[in-house]
Amino acid sequence: MTSAPARPRTSGSGGGRTWRAASGAWLGIGTAPGALVLGAQVGGRHGGALPVPVLVVGGAVMAALLAAQGRLGLREPAGENAGMAELAPRYLPPVAERAFTALLAVAMAGWFGFNVGLGGAAAAALGGVPDAVGVAALTVPTVAVLVAGGGRWNAVAVATTLTAVALIGIVAVKLAPPASPVSFARDGPPGVLAADLAGYIGYVSVFAVRAPDFTVGLRGRRDLAACVALLVVPALAASVVGAGVAAASGSTDVVAVLAGPDGLPAANLFVAASVIAPTLAAVHSGALAMDRFLPRPPTLAGDATPARDTAPARDTTPARGAIPAGDAVGAAGGRSVGGGGGSGPRWGVRVEGRRIVAVLAIALPGAVLAVLRVDRMLLEWLTVLAAALPALVPPMAAEFGRRRRGRAGRPVATWIWAPGAAVAVALTLAGHAAAAPVGLVVSTVATLVHAWFRRERS
């Protein structure tokens, strides 16, 4: 995942942000090396050719998930102008909200492992050193930057996007397959095609659930549609290029192919650079989730009562740097929970200490996954994510629609989305390729049934 644009001032502003102000995060995900690797691994199942049905259905489902959840972050009245840090306690019961937050933290640790494993291996291949050295070379500065408070991420996000685009172009030209990497034939049994679809769902599952963080303050649906297109179209294009790599080389390990005698070893520099911003964003998001479980500090006035364990108050001041919108608590490092005129020295120390613990809680296990080269198991990891997370999107979107129609807000009942997630996870563990799409369908049906019963009772 990439960093989001800085949160805008919401009071006294004009018509809100345009899609251009949020384009970096969406385009960054769409052009990230993960899409290249995903295409290579999916293409490897089909002899190096991506079936058109997989691309069409996968792109449509990705767009639907991103748009349905992203609407919540739009400015009023189109949305709630809030990120997931505020929306989760509004929409979920306390127990479910904590379970969702824990799952999000685990997902962020996994994405850290993928990004740093891929980038670290690329750096190691370029320097001729063990993979663990390359992983450490990326992990240490990433943790240091986040512990120090981040910085201006927008420039990093832009540079990362340009680097990723350059990488895709280099791979497409240098490792062009002998034939088109896209197949118009229906290749493979339904189970294989469902597994491919699960990979595309998993690729955007975490970003889709957190989409309000990247749409907060946008003017309306046209800007949301532009952002969705900036992610889905490049991701599909990159996956086609990745399938071409598998067809041309016979290998789905992009890093090994680039470093090999028939590849372009210098392209590993682009791989290593292009994962930096997604890694920063993954640790930042995961640390915010972990912060939810750390002991709450007392208020600034010395009251021993723990801070309110709900969503943070909306911050209407612009952030310094590209911290994901809606996630200012814990990242700002000095905002008072109890009100007042700012943060004193003691408060600042406490918040920084919490930040260090939260960052390390994500980065350390993520680094272990990186050394184990979890990026080589991307499809398996994405399948698990696709099984667990997207089931929450349909009921949240339906509840959002109710509230927009003037109805009183109600927490999303756990029974609506949890069965879909449980079915998908169980099918995944049992080895069924259609697990993720089935779980999403179960959640959608439960949402429709719940809405029908509400209408009948009213």
# chains A, B, ... in the order shown; residues from 1 in each chain; ligands from 1
>>> residues_around(residues="A:Gly73", least_positions_apart="3", cutoff="10 Å", atoms="only C-alpha atoms", output="PyMOL selection string")
chain A and resi 69-70+76+78-84+87+210-220+224+325-326
>>> write_last_selection(atoms="N, CA and C atoms", output="compact mmCIF listing (two decimals), in the first residue's frame")
# COMPACT_ATOMS: atom_id res chain seq x y z
N GLN A 69 -16.74 0.86 -0.75
CA GLN A 69 -16.18 1.29 0.53
C GLN A 69 -15.64 2.71 0.45
N GLY A 70 -15.11 3.10 -0.70
CA GLY A 70 -14.54 4.44 -0.84
C GLY A 70 -15.56 5.55 -0.71
N GLU A 76 -19.46 15.26 2.78
CA GLU A 76 -20.91 15.29 2.88
C GLU A 76 -21.48 16.15 1.75
N ALA A 78 -22.25 13.35 0.01
CA ALA A 78 -21.97 12.11 -0.72
C ALA A 78 -21.41 11.03 0.19
N GLY A 79 -20.70 11.42 1.24
CA GLY A 79 -20.11 10.47 2.17
C GLY A 79 -20.09 11.04 3.57
N GLU A 80 -19.23 10.47 4.42
CA GLU A 80 -19.13 10.90 5.81
C GLU A 80 -17.85 11.68 6.08
N ASN A 81 -17.02 11.88 5.07
CA ASN A 81 -15.80 12.68 5.22
C ASN A 81 -14.96 12.19 6.40
N ALA A 82 -14.76 10.88 6.48
CA ALA A 82 -14.02 10.30 7.59
C ALA A 82 -13.25 9.08 7.12
N GLY A 83 -12.15 8.78 7.80
CA GLY A 83 -11.37 7.60 7.52
C GLY A 83 -11.80 6.44 8.39
N MET A 84 -11.16 5.28 8.22
CA MET A 84 -11.57 4.07 8.93
C MET A 84 -11.35 4.18 10.43
N LEU A 87 -14.60 5.59 11.24
CA LEU A 87 -15.76 4.86 10.75
C LEU A 87 -15.95 3.52 11.44
N ARG A 210 -9.80 -0.15 3.63
CA ARG A 210 -9.32 1.14 4.13
C ARG A 210 -9.52 2.27 3.12
N ALA A 211 -10.27 2.03 2.08
CA ALA A 211 -10.44 3.04 1.03
C ALA A 211 -10.92 4.39 1.55
N PRO A 212 -11.77 4.47 2.58
CA PRO A 212 -12.16 5.80 3.06
C PRO A 212 -10.99 6.66 3.50
N ASP A 213 -9.91 6.04 3.95
CA ASP A 213 -8.72 6.83 4.32
C ASP A 213 -8.13 7.55 3.12
N PHE A 214 -8.40 7.03 1.93
CA PHE A 214 -7.82 7.59 0.73
C PHE A 214 -8.83 8.35 -0.13
N THR A 215 -10.06 8.44 0.38
CA THR A 215 -11.07 9.25 -0.32
C THR A 215 -11.58 10.39 0.54
N VAL A 216 -11.14 10.46 1.78
CA VAL A 216 -11.66 11.48 2.69
C VAL A 216 -11.43 12.87 2.11
N GLY A 217 -12.49 13.65 2.05
CA GLY A 217 -12.40 15.01 1.54
C GLY A 217 -12.62 15.15 0.05
N LEU A 218 -12.73 14.04 -0.69
CA LEU A 218 -12.98 14.14 -2.13
C LEU A 218 -14.39 14.69 -2.38
N ARG A 219 -14.57 15.38 -3.50
CA ARG A 219 -15.81 16.09 -3.78
C ARG A 219 -17.01 15.17 -4.00
N GLY A 220 -16.82 14.10 -4.75
CA GLY A 220 -17.97 13.27 -5.06
C GLY A 220 -17.61 12.04 -5.84
N LEU A 224 -14.16 9.84 -7.10
CA LEU A 224 -13.96 8.46 -6.65
C LEU A 224 -13.76 7.53 -7.84
N ALA A 325 -5.04 9.84 5.53
CA ALA A 325 -6.12 10.63 6.08
C ALA A 325 -6.94 9.81 7.05
N GLY A 326 -7.37 10.47 8.14
CA GLY A 326 -8.18 9.80 9.13
C GLY A 326 -7.37 9.03 10.14
>>> residues_around(residues="stretch 443-446 of chain A", least_positions_apart="2", cutoff="6 Å", atoms="only C-alpha atoms", output="PyMOL selection string")
chain A and resi 391+394+416-417+420+440-441+448-449
>>> write_last_selection(atoms="N, CA, C and O atoms", output="PDB file, in the first residue's frame")
ATOM      1  N   ALA A 391     -15.614  -9.497   3.110  1.00  0.00           N
ATOM      2  CA  ALA A 391     -16.981  -9.774   3.561  1.00  0.00           C
ATOM      3  C   ALA A 391     -17.568  -8.608   4.340  1.00  0.00           C
ATOM      4  O   ALA A 391     -18.793  -8.486   4.457  1.00  0.00           O
ATOM      5  N   PRO A 394     -19.818  -5.341   1.842  1.00  0.00           N
ATOM      6  CA  PRO A 394     -21.240  -5.215   1.489  1.00  0.00           C
ATOM      7  C   PRO A 394     -22.125  -4.686   2.614  1.00  0.00           C
ATOM      8  O   PRO A 394     -22.913  -3.753   2.389  1.00  0.00           O
ATOM      9  N   ILE A 416     -24.053 -10.679   9.950  1.00  0.00           N
ATOM     10  CA  ILE A 416     -24.216 -10.396   8.532  1.00  0.00           C
ATOM     11  C   ILE A 416     -22.933 -10.700   7.760  1.00  0.00           C
ATOM     12  O   ILE A 416     -22.967 -11.299   6.680  1.00  0.00           O
ATOM     13  N   TRP A 417     -21.778 -10.271   8.313  1.00  0.00           N
ATOM     14  CA  TRP A 417     -20.529 -10.414   7.565  1.00  0.00           C
ATOM     15  C   TRP A 417     -19.637 -11.552   8.059  1.00  0.00           C
ATOM     16  O   TRP A 417     -18.875 -12.130   7.285  1.00  0.00           O
ATOM     17  N   GLY A 420     -19.814 -15.008   6.138  1.00  0.00           N
ATOM     18  CA  GLY A 420     -19.125 -14.992   4.853  1.00  0.00           C
ATOM     19  C   GLY A 420     -17.624 -15.108   5.024  1.00  0.00           C
ATOM     20  O   GLY A 420     -16.956 -15.861   4.294  1.00  0.00           O
ATOM     21  N   LEU A 440     -17.576 -13.764  -0.370  1.00  0.00           N
ATOM     22  CA  LEU A 440     -18.119 -12.455  -0.739  1.00  0.00           C
ATOM     23  C   LEU A 440     -19.597 -12.581  -1.116  1.00  0.00           C
ATOM     24  O   LEU A 440     -20.413 -11.726  -0.754  1.00  0.00           O
ATOM     25  N   VAL A 441     -19.950 -13.659  -1.805  1.00  0.00           N
ATOM     26  CA  VAL A 441     -21.348 -13.879  -2.173  1.00  0.00           C
ATOM     27  C   VAL A 441     -22.204 -14.125  -0.934  1.00  0.00           C
ATOM     28  O   VAL A 441     -23.310 -13.582  -0.796  1.00  0.00           O
ATOM     29  N   LEU A 448     -28.432  -8.566   1.821  1.00  0.00           N
ATOM     30  CA  LEU A 448     -29.724  -8.388   1.149  1.00  0.00           C
ATOM     31  C   LEU A 448     -30.867  -8.947   1.990  1.00  0.00           C
ATOM     32  O   LEU A 448     -31.942  -8.339   2.085  1.00  0.00           O
ATOM     33  N   VAL A 449     -30.658 -10.108   2.608  1.00  0.00           N
ATOM     34  CA  VAL A 449     -31.691 -10.701   3.461  1.00  0.00           C
ATOM     35  C   VAL A 449     -31.984  -9.801   4.652  1.00  0.00           C
ATOM     36  O   VAL A 449     -33.144  -9.556   5.018  1.00  0.00           O
TER      37      VAL A 449
END
>>> closest_residue(among="A:Leu427, A:Ala166, A:Leu74, A:Ala451", to="A:Ala32", atoms="only C-alpha atoms")
A:Ala166
>>> residues_around(residues="stretch 36-51 of chain A", least_positions_apart="5", cutoff="6 Å", atoms="only C-alpha atoms", output="MDAnalysis selection string")
chainID A and resid 181:184 238:240 242:243 246:247 252
>>> atom_distance(atom1="atom CA of A:Met290", atom2="atom CA of A:Gly24")
25.2 Å
>>> closest_residue(among="A:Leu197, A:Ala68, A:Val384, A:Ala148", to="A:Val52", atoms="only C-alpha atoms")
A:Leu197
